[in-house]
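J.: Structure file model_30.csv (CSV, C-alpha atoms) is given on the next line.
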chain,number,residue,atom,x,y,z
A,1,MET,CA,9.4,-22.1,25.6
A,2,THR,CA,11.4,-23.9,23.0
A,3,ARG,CA,14.8,-22.7,21.7
A,4,THR,CA,13.2,-21.5,18.5
A,5,GLU,CA,10.7,-19.5,20.5
A,6,LEU,CA,13.6,-18.1,22.5
A,7,ILE,CA,15.3,-17.0,19.3
A,8,GLY,CA,12.0,-15.3,18.3
A,9,LEU,CA,12.0,-13.4,21.7
A,10,PHE,CA,15.6,-12.5,21.1
A,11,GLU,CA,14.8,-11.1,17.7
A,12,LYS,CA,11.8,-9.1,18.9
A,13,THR,CA,13.8,-7.6,21.8
A,14,ALA,CA,16.8,-6.9,19.6
A,15,THR,CA,14.6,-5.1,17.0
A,16,GLU,CA,13.1,-2.9,19.8
A,17,ILE,CA,16.5,-1.9,21.1
A,18,ALA,CA,18.2,-1.4,17.7
A,19,GLU,CA,15.1,0.3,16.3
A,20,ARG,CA,15.4,-1.6,13.1
A,21,ASP,CA,14.3,-5.1,11.9
A,22,ILE,CA,16.5,-7.9,13.1
A,23,LYS,CA,15.4,-11.3,11.9
A,24,GLY,CA,16.7,-14.5,10.5
A,25,LEU,CA,19.0,-15.2,13.5
A,26,SER,CA,20.2,-18.6,14.5
A,27,GLU,CA,22.0,-20.1,17.4
A,28,LEU,CA,25.2,-19.7,15.5
A,29,THR,CA,24.8,-15.9,15.0
A,30,GLU,CA,27.5,-13.9,16.6
A,31,ILE,CA,26.0,-11.5,19.0
A,32,SER,CA,28.7,-8.9,18.0
A,33,SER,CA,27.4,-9.0,14.4
A,34,LEU,CA,24.1,-7.5,15.4
A,35,GLY,CA,25.6,-4.0,15.5
A,36,ILE,CA,24.2,-3.4,19.0
A,37,ASP,CA,26.6,-1.8,21.5
A,38,SER,CA,27.5,-3.4,24.8
A,39,LEU,CA,24.9,-1.4,26.8
A,40,GLY,CA,22.3,-2.5,24.2
A,41,ILE,CA,23.3,-6.1,24.7
A,42,LEU,CA,22.9,-5.8,28.4
A,43,GLU,CA,19.6,-4.1,27.8
A,44,LEU,CA,18.6,-6.9,25.6
A,45,VAL,CA,19.6,-9.5,28.2
A,46,GLY,CA,17.7,-7.6,30.8
A,47,GLU,CA,14.5,-7.5,28.8
A,48,MET,CA,14.7,-11.2,28.2
A,49,GLU,CA,15.2,-11.8,31.9
A,50,LYS,CA,12.1,-9.8,32.6
A,51,GLN,CA,10.0,-11.6,30.0
A,52,LEU,CA,11.2,-15.0,31.3
A,53,SER,CA,11.2,-14.1,35.0
A,54,ILE,CA,14.7,-15.2,35.5
A,55,GLN,CA,17.9,-13.5,36.6
A,56,LEU,CA,21.2,-14.2,35.0
A,57,PRO,CA,24.3,-13.7,37.1
A,58,ASP,CA,26.5,-10.8,35.9
A,59,ASP,CA,29.7,-12.9,35.8
A,60,GLN,CA,28.1,-15.4,33.4
A,61,LEU,CA,27.3,-12.7,30.8
A,62,VAL,CA,31.0,-12.4,30.2
A,63,GLY,CA,32.2,-14.6,27.3
A,64,LEU,CA,28.9,-15.0,25.5
A,65,THR,CA,29.7,-14.9,21.8
A,66,LYS,CA,26.9,-16.6,20.0
A,67,ILE,CA,23.1,-16.5,20.5
A,68,GLY,CA,23.2,-20.2,21.3
A,69,ASP,CA,25.5,-19.4,24.3
A,70,LEU,CA,22.9,-17.0,25.7
A,71,LEU,CA,20.1,-19.6,25.1
A,72,ASP,CA,22.2,-22.2,27.0
A,73,LEU,CA,22.5,-19.9,29.9
A,74,VAL,CA,18.8,-19.0,29.8
A,75,GLU,CA,17.8,-22.6,29.8
A,76,LYS,CA,20.1,-23.4,32.6
A,77,ARG,CA,18.6,-20.7,34.8
A,78,ARG,CA,15.1,-21.6,33.9
A,79,LYS,CA,15.7,-25.2,35.0
A,80,LEU,CA,17.2,-24.0,38.2
A,81,ALA,CA,14.3,-21.7,38.8
A,82,SER,CA,11.8,-24.4,38.2
B,1,MET,CA,20.0,17.5,50.7
B,2,SER,CA,20.6,21.3,50.2
B,3,ASP,CA,23.3,22.4,47.7
B,4,THR,CA,25.4,23.7,50.6
B,5,LYS,CA,25.2,20.3,52.4
B,6,LEU,CA,26.1,18.4,49.2
B,7,ALA,CA,29.0,20.8,48.6
B,8,SER,CA,30.2,20.3,52.2
B,9,GLN,CA,30.0,16.5,51.8
B,10,VAL,CA,32.0,16.6,48.5
B,11,TYR,CA,34.6,18.8,50.2
B,12,LYS,CA,34.9,16.2,53.0
B,13,LEU,CA,35.5,13.5,50.4
B,14,TYR,CA,38.2,15.7,48.9
B,15,ALA,CA,39.8,16.4,52.2
B,16,GLU,CA,39.9,12.7,53.0
B,17,PHE,CA,41.3,12.0,49.5
B,18,PHE,CA,43.9,14.7,49.7
B,19,ASP,CA,45.0,13.9,53.3
B,20,LYS,CA,45.5,10.2,52.4
B,21,ALA,CA,47.4,11.2,49.2
B,22,GLU,CA,49.8,13.5,51.2
B,23,GLN,CA,50.3,10.8,53.9
B,24,GLU,CA,50.6,7.7,51.8
B,25,ARG,CA,50.7,8.2,48.1
B,26,ARG,CA,53.1,11.0,47.1
B,27,TRP,CA,56.0,10.0,44.8
B,28,ASN,CA,58.6,11.6,42.7
B,29,PRO,CA,59.1,10.4,39.2
B,30,TYR,CA,62.8,11.3,39.3
B,31,ARG,CA,63.6,9.8,42.6
B,32,ASP,CA,61.2,7.0,43.4
B,33,VAL,CA,61.5,4.9,40.2
B,34,PRO,CA,64.5,2.5,40.3
B,35,TRP,CA,66.0,3.9,37.1
B,36,ASP,CA,69.1,1.7,37.4
B,37,ARG,CA,66.8,-1.3,36.8
B,38,VAL,CA,65.6,-0.3,33.4
B,39,ASN,CA,65.8,-3.2,31.0
B,40,ARG,CA,67.2,-1.8,27.8
B,41,ASP,CA,66.5,-5.1,26.1
B,42,ALA,CA,62.8,-5.1,26.9
B,43,SER,CA,60.6,-5.4,23.8
B,44,GLU,CA,59.6,-2.6,21.5
B,45,GLU,CA,55.9,-3.5,22.2
B,46,LEU,CA,56.4,-2.6,25.8
B,47,ALA,CA,57.9,0.7,24.7
B,48,LEU,CA,55.1,1.3,22.3
B,49,CYS,CA,52.5,0.8,25.0
B,50,ALA,CA,54.4,3.2,27.3
B,51,GLU,CA,54.5,5.7,24.4
B,52,THR,CA,50.8,5.4,23.9
B,53,PHE,CA,50.0,6.0,27.6
B,54,PHE,CA,52.4,9.0,27.5
B,55,ALA,CA,50.5,10.3,24.5
B,56,VAL,CA,47.2,10.0,26.2
B,57,GLU,CA,48.5,11.6,29.4
B,58,SER,CA,50.0,14.4,27.2
B,59,TYR,CA,46.6,16.0,26.7
B,60,LEU,CA,46.7,17.0,30.3
B,61,PRO,CA,46.4,20.8,29.5
B,62,ASP,CA,43.0,20.1,27.9
B,63,TYR,CA,41.9,17.7,30.6
B,64,VAL,CA,42.7,20.2,33.3
B,65,ALA,CA,41.4,23.3,31.6
B,66,GLN,CA,38.1,21.9,30.5
B,67,GLY,CA,37.7,19.4,33.3
B,68,ILE,CA,38.2,21.9,36.1
B,69,ASN,CA,35.8,24.5,34.6
B,70,ILE,CA,32.9,22.1,34.3
B,71,VAL,CA,33.0,21.4,38.0
B,72,ARG,CA,33.9,24.9,39.2
B,73,GLU,CA,30.6,25.2,41.1
B,74,SER,CA,31.8,22.5,43.4
B,75,PHE,CA,34.6,23.4,45.7
B,76,GLY,CA,35.6,19.8,46.5
B,77,GLN,CA,35.5,18.7,42.9
B,78,THR,CA,37.5,21.7,41.6
B,79,TRP,CA,40.2,21.2,44.2
B,80,PHE,CA,40.2,17.5,43.3
B,81,SER,CA,40.7,18.4,39.6
B,82,ALA,CA,43.7,20.5,40.5
B,83,ASN,CA,45.2,17.7,42.5
B,84,TRP,CA,44.3,15.1,39.8
B,85,GLY,CA,46.2,17.2,37.2
B,86,TYR,CA,49.3,17.2,39.4
B,87,GLU,CA,49.2,13.5,39.8
B,88,GLU,CA,48.5,12.7,36.2
B,89,SER,CA,51.4,15.0,35.2
B,90,LYS,CA,53.8,12.7,37.0
B,91,HIS,CA,52.5,9.8,35.0
B,92,SER,CA,53.5,11.4,31.7
B,93,ILE,CA,56.8,12.6,33.1
B,94,ALA,CA,57.7,9.1,34.3
B,95,LEU,CA,56.7,7.4,31.0
B,96,MET,CA,58.7,10.0,29.0
B,97,GLU,CA,61.7,9.5,31.2
B,98,TYR,CA,61.4,5.8,30.8
B,99,LEU,CA,61.3,5.9,27.1
B,100,MET,CA,64.4,8.1,27.0
B,101,ARG,CA,66.4,6.4,29.7
B,102,SER,CA,65.7,3.0,28.3
B,103,GLY,CA,67.1,4.1,25.0
B,104,LYS,CA,63.8,3.3,23.2
B,105,ARG,CA,63.3,6.8,22.1
B,106,THR,CA,65.6,9.8,21.9
B,107,GLU,CA,64.8,13.2,23.5
B,108,GLU,CA,64.4,14.6,20.0
B,109,GLN,CA,61.9,11.9,19.1
B,110,MET,CA,59.9,12.5,22.3
B,111,PHE,CA,59.6,16.3,21.6
B,112,ASP,CA,58.8,15.7,18.0
B,113,PHE,CA,56.1,13.3,19.1
B,114,HIS,CA,54.8,15.8,21.6
B,115,ASP,CA,54.6,18.4,18.8
B,116,GLN,CA,52.5,16.1,16.8
B,117,LEU,CA,50.2,15.5,19.7
B,118,LYS,CA,49.7,19.2,20.3
B,119,LYS,CA,48.1,19.6,16.9
B,120,LEU,CA,44.9,18.2,18.2
B,121,LYS,CA,42.8,19.2,21.2
B,122,TRP,CA,40.8,17.0,23.5
B,123,GLU,CA,37.3,18.0,24.0
B,124,LEU,CA,35.0,17.2,26.9
B,125,PRO,CA,33.3,13.9,26.0
B,126,PHE,CA,30.2,14.9,28.0
B,127,THR,CA,28.7,18.2,28.8
B,128,THR,CA,27.6,18.3,32.4
B,129,ALA,CA,29.5,18.0,35.7
B,130,GLN,CA,27.5,14.9,36.7
B,131,GLN,CA,28.1,13.1,33.4
B,132,MET,CA,31.8,13.9,33.6
B,133,THR,CA,32.0,12.6,37.2
B,134,LEU,CA,30.4,9.3,36.0
B,135,TYR,CA,32.7,9.2,33.0
B,136,GLY,CA,35.6,9.7,35.5
B,137,VAL,CA,34.6,6.6,37.4
B,138,PHE,CA,34.7,4.3,34.4
B,139,GLN,CA,37.7,5.9,32.7
B,140,GLU,CA,39.9,5.9,35.8
B,141,MET,CA,38.9,2.3,36.7
B,142,ALA,CA,39.7,1.2,33.2
B,143,THR,CA,43.0,3.0,33.3
B,144,PHE,CA,43.8,1.4,36.6
B,145,PHE,CA,43.1,-2.0,35.2
B,146,ILE,CA,45.2,-1.4,32.1
B,147,TYR,CA,48.2,-0.1,34.2
B,148,CYS,CA,48.0,-3.2,36.4
B,149,ARG,CA,48.2,-5.4,33.3
B,150,GLN,CA,51.1,-3.4,32.0
B,151,GLU,CA,52.8,-3.7,35.4
B,152,ALA,CA,52.6,-7.5,35.1
B,153,ARG,CA,54.0,-7.3,31.6
B,154,ALA,CA,56.9,-5.1,32.6
B,155,GLN,CA,57.7,-7.6,35.3
B,156,GLU,CA,57.6,-10.5,32.9
B,157,GLU,CA,60.1,-8.6,30.7
B,158,GLY,CA,62.3,-7.9,33.7
B,159,ASP,CA,61.9,-4.2,33.6
B,160,GLU,CA,61.7,-3.1,37.2
B,161,ALA,CA,61.7,0.6,36.4
B,162,LEU,CA,58.7,0.4,34.2
B,163,ARG,CA,57.0,-2.0,36.6
B,164,ALA,CA,57.4,0.6,39.4
B,165,ILE,CA,56.0,3.4,37.1
B,166,TYR,CA,52.9,1.4,36.4
B,167,ARG,CA,52.5,0.4,40.0
B,168,LEU,CA,52.7,4.0,41.2
B,169,ALA,CA,50.4,5.3,38.4
B,170,ALA,CA,47.8,2.5,39.0
B,171,ARG,CA,47.7,3.4,42.7
B,172,ASP,CA,46.9,7.0,41.8
B,173,GLU,CA,44.2,5.8,39.3
B,174,ILE,CA,42.4,3.7,41.8
B,175,ALA,CA,42.5,6.6,44.3
B,176,HIS,CA,40.9,8.8,41.6
B,177,THR,CA,38.3,6.1,40.9
B,178,ARG,CA,37.4,5.9,44.6
B,179,PHE,CA,36.9,9.6,44.8
B,180,TYR,CA,34.6,9.7,41.8
B,181,GLN,CA,32.7,6.7,43.1
B,182,SER,CA,32.2,8.4,46.5
B,183,VAL,CA,30.9,11.6,44.8
B,184,CYS,CA,28.6,9.4,42.6
B,185,LYS,CA,27.2,7.8,45.7
B,186,LEU,CA,26.2,11.2,47.1
B,187,LEU,CA,24.7,12.2,43.7
B,188,LEU,CA,22.7,8.9,43.7
B,189,GLU,CA,21.3,9.8,47.1
B,190,GLU,CA,20.2,13.2,45.7
B,191,ASP,CA,18.6,12.1,42.5
B,192,ARG,CA,18.8,8.4,41.7
B,193,ALA,CA,16.7,8.4,38.6
B,194,GLY,CA,18.7,11.3,37.1
B,195,VAL,CA,22.1,9.8,37.9
B,196,LEU,CA,21.0,6.4,36.5
B,197,ALA,CA,19.9,8.1,33.2
B,198,ASP,CA,23.2,9.9,33.0
B,199,MET,CA,25.1,6.7,33.8
B,200,ALA,CA,23.3,4.9,30.9
B,201,TYR,CA,24.1,7.8,28.6
B,202,VAL,CA,27.7,7.9,29.6
B,203,THR,CA,28.3,4.2,29.2
B,204,LYS,CA,26.5,4.3,25.9
B,205,TYR,CA,28.8,7.0,24.5
B,206,PHE,CA,31.9,6.3,26.4
B,207,LYS,CA,35.3,6.3,24.7
B,208,MET,CA,38.8,6.3,26.2
B,209,PRO,CA,40.5,9.7,26.0
B,210,GLY,CA,43.1,8.8,23.3
B,211,VAL,CA,40.5,7.8,20.7
B,212,GLY,CA,40.7,10.2,17.7
B,213,LEU,CA,43.7,12.0,19.1
B,214,VAL,CA,46.7,9.8,19.4
B,215,PRO,CA,48.3,9.1,16.1
B,216,ASN,CA,47.7,5.5,14.8
B,217,TYR,CA,45.6,4.8,17.9
B,218,ASP,CA,43.9,1.7,16.4
B,219,GLY,CA,47.3,0.2,15.5
B,220,ARG,CA,48.6,0.9,19.0
B,221,VAL,CA,45.5,-0.7,20.5
B,222,MET,CA,46.1,-3.8,18.4
B,223,VAL,CA,49.6,-4.1,20.0
B,224,MET,CA,48.1,-3.5,23.4
B,225,ARG,CA,45.2,-5.8,23.1
B,226,GLU,CA,46.8,-8.9,24.6
B,227,SER,CA,47.8,-7.1,27.7
B,228,GLY,CA,45.0,-4.5,27.4
B,229,ILE,CA,41.3,-4.7,27.9
B,230,ASP,CA,38.7,-6.3,25.7
B,231,ARG,CA,34.9,-6.1,25.9
B,232,ASP,CA,34.5,-9.0,28.3
B,233,THR,CA,37.3,-7.9,30.5
B,234,PHE,CA,35.8,-4.4,30.6
B,235,LEU,CA,32.5,-5.8,31.8
B,236,GLN,CA,34.1,-8.1,34.3
B,237,LYS,CA,36.8,-5.9,35.7
B,238,VAL,CA,35.4,-2.4,35.3
B,239,TYR,CA,31.7,-2.2,34.5
B,240,PHE,CA,30.2,-4.7,36.9
B,241,PRO,CA,32.5,-3.9,39.8
B,242,VAL,CA,31.7,-0.2,39.5
B,243,LEU,CA,28.0,-0.9,39.5
B,244,LYS,CA,28.4,-3.1,42.5
B,245,HIS,CA,30.4,-0.5,44.3
B,246,LEU,CA,27.8,2.1,43.6
B,247,GLY,CA,24.9,-0.2,44.7
B,248,VAL,CA,23.4,0.0,41.2
B,249,THR,CA,22.0,-3.2,39.6
B,250,ARG,CA,22.2,-4.1,36.0
B,251,GLN,CA,18.5,-4.2,35.9
B,252,GLU,CA,18.2,-0.6,37.1
B,253,LEU,CA,20.6,0.5,34.5
B,254,VAL,CA,18.7,-1.4,31.8
B,255,GLU,CA,15.5,0.4,32.8
B,256,SER,CA,17.3,3.8,32.6
B,257,SER,CA,18.7,3.0,29.2
B,258,LYS,CA,15.2,3.0,27.9
B,259,ALA,CA,14.9,6.6,28.9
B,260,ILE,CA,17.9,7.6,26.8
B,261,ARG,CA,16.9,5.8,23.6
B,262,GLY,CA,16.9,8.2,20.7
B,263,MET,CA,18.9,10.8,22.5
B,264,GLU,CA,21.6,12.4,20.4
B,265,PRO,CA,25.2,11.5,21.2
B,266,PRO,CA,27.3,14.2,22.9
B,267,PRO,CA,29.1,16.5,20.3
B,268,ALA,CA,32.6,15.1,21.1
B,269,PHE,CA,31.4,11.6,20.3
B,270,TYR,CA,32.1,12.4,16.7
B,271,VAL,CA,35.8,13.4,17.2
B,272,GLY,CA,38.0,10.9,15.5
B,273,ARG,CA,35.0,9.6,13.5
B,274,GLU,CA,35.3,12.1,10.6
B,275,GLU,CA,35.2,9.3,8.1
B,276,GLU,CA,31.7,8.5,9.2
B,277,SER,CA,28.9,11.0,8.6
B,278,ARG,CA,26.9,11.9,11.6
B,279,GLU,CA,23.8,10.4,9.9
B,280,SER,CA,25.5,7.1,9.7
B,281,ILE,CA,26.1,6.7,13.4
B,282,PRO,CA,22.8,6.1,15.0
B,283,ALA,CA,22.4,3.6,17.8
B,284,GLU,CA,22.6,0.5,15.7
B,285,ALA,CA,25.9,1.4,14.0
B,286,SER,CA,27.4,3.0,17.1
B,287,GLN,CA,30.4,1.2,18.5
B,288,SER,CA,30.1,3.3,21.4
B,289,ALA,CA,29.3,1.6,24.7
B,290,ALA,CA,32.0,1.6,27.3
B,291,ALA,CA,33.1,-1.9,26.6
B,292,ASP,CA,33.5,-1.5,22.9
B,293,ALA,CA,35.3,1.8,23.2
B,294,ALA,CA,37.6,0.4,25.7
B,295,GLU,CA,39.0,-2.1,23.3
Would you mind giving the structure from this file in structure tokens?
T.:
Amino acid sequence: MTRTELIGLFEKTATEIAERDIKGLSELTEISSLGIDSLGILELVGEMEKQLSIQLPDDQLVGLTKIGDLLDLVEKRRKLAS
Amino acid sequence: MSDTKLASQVYKLYAEFFDKAEQERRWNPYRDVPWDRVNRDASEELALCAETFFAVESYLPDYVAQGINIVRESFGQTWFSANWGYEESKHSIALMEYLMRSGKRTEEQMFDFHDQLKKLKWELPFTTAQQMTLYGVFQEMATFFIYCRQEARAQEEGDEALRAIYRLAARDEIAHTRFYQSVCKLLLEEDRAGVLADMAYVTKYFKMPGVGLVPNYDGRVMVMRESGIDRDTFLQKVYFPVLKHLGVTRQELVESSKAIRGMEPPPAFYVGREEESRESIPAEASQSAAADAAE
């Protein structure tokens, strides 16, 4: 899955959680700007983990500010998994 | 597990908590704080933080009255609440004494401030005993962490009296956290799915007790932020450790949070949010979750 596809997956999952359309995101989008509360963000990450069959360590979820940071982490875990 | 067996187990937790408190943790705010080591030159910021915590602790009558009644069916939890009230009362006394003895506030200012505080009333943030127990875990743990940070800050400013107050209060807070955690473990054994759904709900609509009550709370939080607790710190120091202690995985909680999607926030969630209409606060606009509210 490319990074663009990962952003697409992020948008789809965020839309589901926020129950409103979320699109036009980029790697530079601040996660906090999405208007999703912290539990929602964890839910979003959890859904992505499920879709991608990976598990991100809790301690590495701290300090994620931009969508690109999350994608970096996802790619790193996917490489490790493969 | 029968209701009687559960009640008996909660009582045993309380007995253990109380015995340990009597043996190892009792302290006297007038005698056990080194009042001769107050640093009268410590910063106003330090005093403002102390005043804020004093303010939050000042809603004790509401916490006790409402908190004790919601758990009155459980002997152990009711007696715990009584003891909890006693311990928390010492925190506000110690902080008030600090503010006056340090010369940061006069007696008149303190009682005027208290008068102001009394005008508002704290309401239970959640409506069931189980939800309030879960709330207690996160709230007490967050307070423990905040007091530890303040202790370090008081030490940096050479104020040994304030340092001792925060150390003693933090020790109480972590003991309260452990009690709530132990009760939660029992509840999880009883009805894991139900407890997890409540946990997701509580973390979604969590807010610290001073929000909407303490005058200029947001401004005070800005002052505290550096030594306080932001979203990431909350996750790292409070949220994940609590989940780990309870043997709950993030993935489990994520699954449970799906079950609460679309559920209405608890009535008290709107307190202090009068400027926002209820219609404007649905999930996407909510700044609710524990981490956000802790900021």
J.: Considering all atoms listed in the file, return as a PyMOL selection string whatever protein or nucleic-acid residues lie within 12 Å of A:Val45, sequence-local ones (same chain, fewer than 3 positions apart) excluded.
T.: (chain A and resi 6+9-11+13-14+17+31+36+38-42+48-58+60-62+64+67+70-71+73-74) or (chain B and resi 250-251+253-255)
J.: Counting all atoms listed in the file, which residues come within 6 Å of (28.8, -18.6, 19.5), with the point read in the file's coordinates, and could you list them as a short mmCIF file (atom, residue, chain, number, x, y, z; two decimals) with C-alpha atoms, in the frame of the given file?
T.:
data_model
loop_
_atom_site.label_atom_id
_atom_site.label_comp_id
_atom_site.auth_asym_id
_atom_site.auth_seq_id
_atom_site.Cartn_x
_atom_site.Cartn_y
_atom_site.Cartn_z
CA LEU A 28 25.20 -19.70 15.50
CA GLU A 30 27.50 -13.90 16.60
CA THR A 65 29.70 -14.90 21.80
CA LYS A 66 26.90 -16.60 20.00
CA ASP A 69 25.50 -19.40 24.30
#
J.: How many Å separate atom CA of B:Ile260 from atom CA of B:Tyr239?
T.: 18.6 Å
J.: Give the answer as one residue: which of B:Ala142, B:Cys148, B:Leu6, B:Leu243 has the shortest atom-to-atom distance to chain A, using all atoms listed in the file?
T.: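 Closest to chain A, using all atoms listed in the file: B:Leu243.
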J.: As an exercise, work out the distance from atom CA of B:Ser257 to atom CA of A:Glu43 in Å and give it to one decimal place.
T.: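 Distance reported for this atom pair: 7.3 Å.
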J.: Enter the distance from atom CA of B:Phe145 to atom CA of B:Leu196, in Å, rounded to one decimal.
T.: 23.7 Å
J.: Have a look at B:Lys5, B:Arg25, B:Lys237, B:Arg153 and name the one nearest to B:Ala50; count all atoms listed in the file.
T.: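 Of B:Lys5, B:Arg25, B:Lys237, B:Arg153, the one nearest B:Ala50, counting all atoms listed in the file, is B:Arg153.
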J.: Tell me which protein, DNA and RNA residues are within 10 Å of stretch 32-46 of chain B, counting all atoms listed in the file, leaving out same-chain ones fewer than 3 positions away, and put them as an NGL selection string.
T.: :B and (26-29 or 49-52 or 94 or 97-99 or 101-104 or 150 or 153-154 or 156-165 or 168 or 220 or 223-224 or 227)
J.: Can you list, as a list in words, every protein, DNA or RNA residue that comes within 10 Å of B:Ser8 when you count only C-alpha atoms, leaving out same-chain residues fewer than 5 positions away?
T.: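 Once the nearby chain positions are removed, what remains is Ser2, Asp3, Leu13, Tyr14, Ser74, Phe75 and Gly76 of chain B.
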J.: Of the candidates B:Met208, B:Ile93, B:Thr203, B:Val238, which shows the shortest atom-to-atom distance to chain A, using all atoms listed in the file?
T.: B:Thr203
J.: Considering all atoms listed in the file, state which residue in the set A:Ser82, A:Thr4, A:Ser26, A:Ser32 is at the smallest distance from chain B.
T.: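 Checking each of A:Ser82, A:Thr4, A:Ser26, A:Ser32 against chain B, counting all atoms listed in the file, the winner is A:Ser32.
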J.: Which one is closest to chain A: B:Gln77, B:Asn216, B:Gln130, B:Thr249? Count only C-alpha atoms.
T.: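 Between B:Gln77, B:Asn216, B:Gln130, B:Thr249, the residue approaching chain A most closely is B:Thr249.
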J.: Could you give me, as a VMD selection string, the residues within 8 Å of B:Gly67, counting only C-alpha atoms and dropping anything in the same chain fewer than 5 positions from it?
T.: chain B and resid 62 81 124
J.: For B:Arg192, which residue among B:Leu246, B:Val71, B:Ile229, B:Ala15 is the nearest when counting only C-alpha atoms?
T.: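 Among the listed residues, B:Leu246 lies closest to B:Arg192.
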J.: Please reconstruct the missing atoms of stretch 247-264 of chain B (target: N, CA and C atoms) and return them as a PDB file, keeping the file's coordinate frame.
T.:
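File written: part39.pdb
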ATOM      1  N   GLY B 247      26.228   0.346  44.227  1.00  0.00           N
ATOM      2  CA  GLY B 247      24.900  -0.200  44.700  1.00  0.00           C
ATOM      3  C   GLY B 247      23.873  -0.047  43.585  1.00  0.00           C
ATOM      4  N   VAL B 248      24.314  -0.121  42.322  1.00  0.00           N
ATOM      5  CA  VAL B 248      23.400   0.000  41.200  1.00  0.00           C
ATOM      6  C   VAL B 248      23.291  -1.409  40.552  1.00  0.00           C
ATOM      7  N   THR B 249      22.072  -1.864  40.289  1.00  0.00           N
ATOM      8  CA  THR B 249      22.000  -3.200  39.600  1.00  0.00           C
ATOM      9  C   THR B 249      21.918  -3.008  38.133  1.00  0.00           C
ATOM     10  N   ARG B 250      22.284  -4.072  37.473  1.00  0.00           N
ATOM     11  CA  ARG B 250      22.200  -4.100  36.000  1.00  0.00           C
ATOM     12  C   ARG B 250      20.809  -3.812  35.532  1.00  0.00           C
ATOM     13  N   GLN B 251      19.859  -4.393  36.257  1.00  0.00           N
ATOM     14  CA  GLN B 251      18.500  -4.200  35.900  1.00  0.00           C
ATOM     15  C   GLN B 251      18.025  -2.763  35.950  1.00  0.00           C
ATOM     16  N   GLU B 252      18.499  -2.068  36.985  1.00  0.00           N
ATOM     17  CA  GLU B 252      18.200  -0.600  37.100  1.00  0.00           C
ATOM     18  C   GLU B 252      18.693   0.155  35.925  1.00  0.00           C
ATOM     19  N   LEU B 253      19.931  -0.187  35.553  1.00  0.00           N
ATOM     20  CA  LEU B 253      20.600   0.500  34.500  1.00  0.00           C
ATOM     21  C   LEU B 253      19.857   0.228  33.128  1.00  0.00           C
ATOM     22  N   VAL B 254      19.401  -1.018  33.008  1.00  0.00           N
ATOM     23  CA  VAL B 254      18.700  -1.400  31.800  1.00  0.00           C
ATOM     24  C   VAL B 254      17.396  -0.569  31.688  1.00  0.00           C
ATOM     25  N   GLU B 255      16.714  -0.385  32.803  1.00  0.00           N
ATOM     26  CA  GLU B 255      15.500   0.400  32.800  1.00  0.00           C
ATOM     27  C   GLU B 255      15.828   1.877  32.394  1.00  0.00           C
ATOM     28  N   SER B 256      16.921   2.384  32.951  1.00  0.00           N
ATOM     29  CA  SER B 256      17.300   3.800  32.600  1.00  0.00           C
ATOM     30  C   SER B 256      17.710   3.934  31.191  1.00  0.00           C
ATOM     31  N   SER B 257      18.278   2.887  30.627  1.00  0.00           N
ATOM     32  CA  SER B 257      18.700   3.000  29.200  1.00  0.00           C
ATOM     33  C   SER B 257      17.562   3.204  28.294  1.00  0.00           C
ATOM     34  N   LYS B 258      16.380   2.766  28.722  1.00  0.00           N
ATOM     35  CA  LYS B 258      15.200   3.000  27.900  1.00  0.00           C
ATOM     36  C   LYS B 258      14.904   4.472  27.744  1.00  0.00           C
ATOM     37  N   ALA B 259      15.178   5.176  28.845  1.00  0.00           N
ATOM     38  CA  ALA B 259      14.900   6.600  28.900  1.00  0.00           C
ATOM     39  C   ALA B 259      15.786   7.397  27.927  1.00  0.00           C
ATOM     40  N   ILE B 260      16.929   6.823  27.607  1.00  0.00           N
ATOM     41  CA  ILE B 260      17.900   7.600  26.800  1.00  0.00           C
ATOM     42  C   ILE B 260      17.822   7.159  25.302  1.00  0.00           C
ATOM     43  N   ARG B 261      16.957   6.193  25.008  1.00  0.00           N
ATOM     44  CA  ARG B 261      16.900   5.800  23.600  1.00  0.00           C
ATOM     45  C   ARG B 261      16.483   6.939  22.734  1.00  0.00           C
ATOM     46  N   GLY B 262      17.176   7.072  21.623  1.00  0.00           N
ATOM     47  CA  GLY B 262      16.900   8.200  20.700  1.00  0.00           C
ATOM     48  C   GLY B 262      17.530   9.473  21.034  1.00  0.00           C
ATOM     49  N   MET B 263      18.217   9.512  22.177  1.00  0.00           N
ATOM     50  CA  MET B 263      18.900  10.800  22.500  1.00  0.00           C
ATOM     51  C   MET B 263      20.155  10.915  21.639  1.00  0.00           C
ATOM     52  N   GLU B 264      20.449  12.152  21.269  1.00  0.00           N
ATOM     53  CA  GLU B 264      21.600  12.400  20.400  1.00  0.00           C
ATOM     54  C   GLU B 264      22.912  12.131  21.194  1.00  0.00           C
TER      55      GLU B 264
END
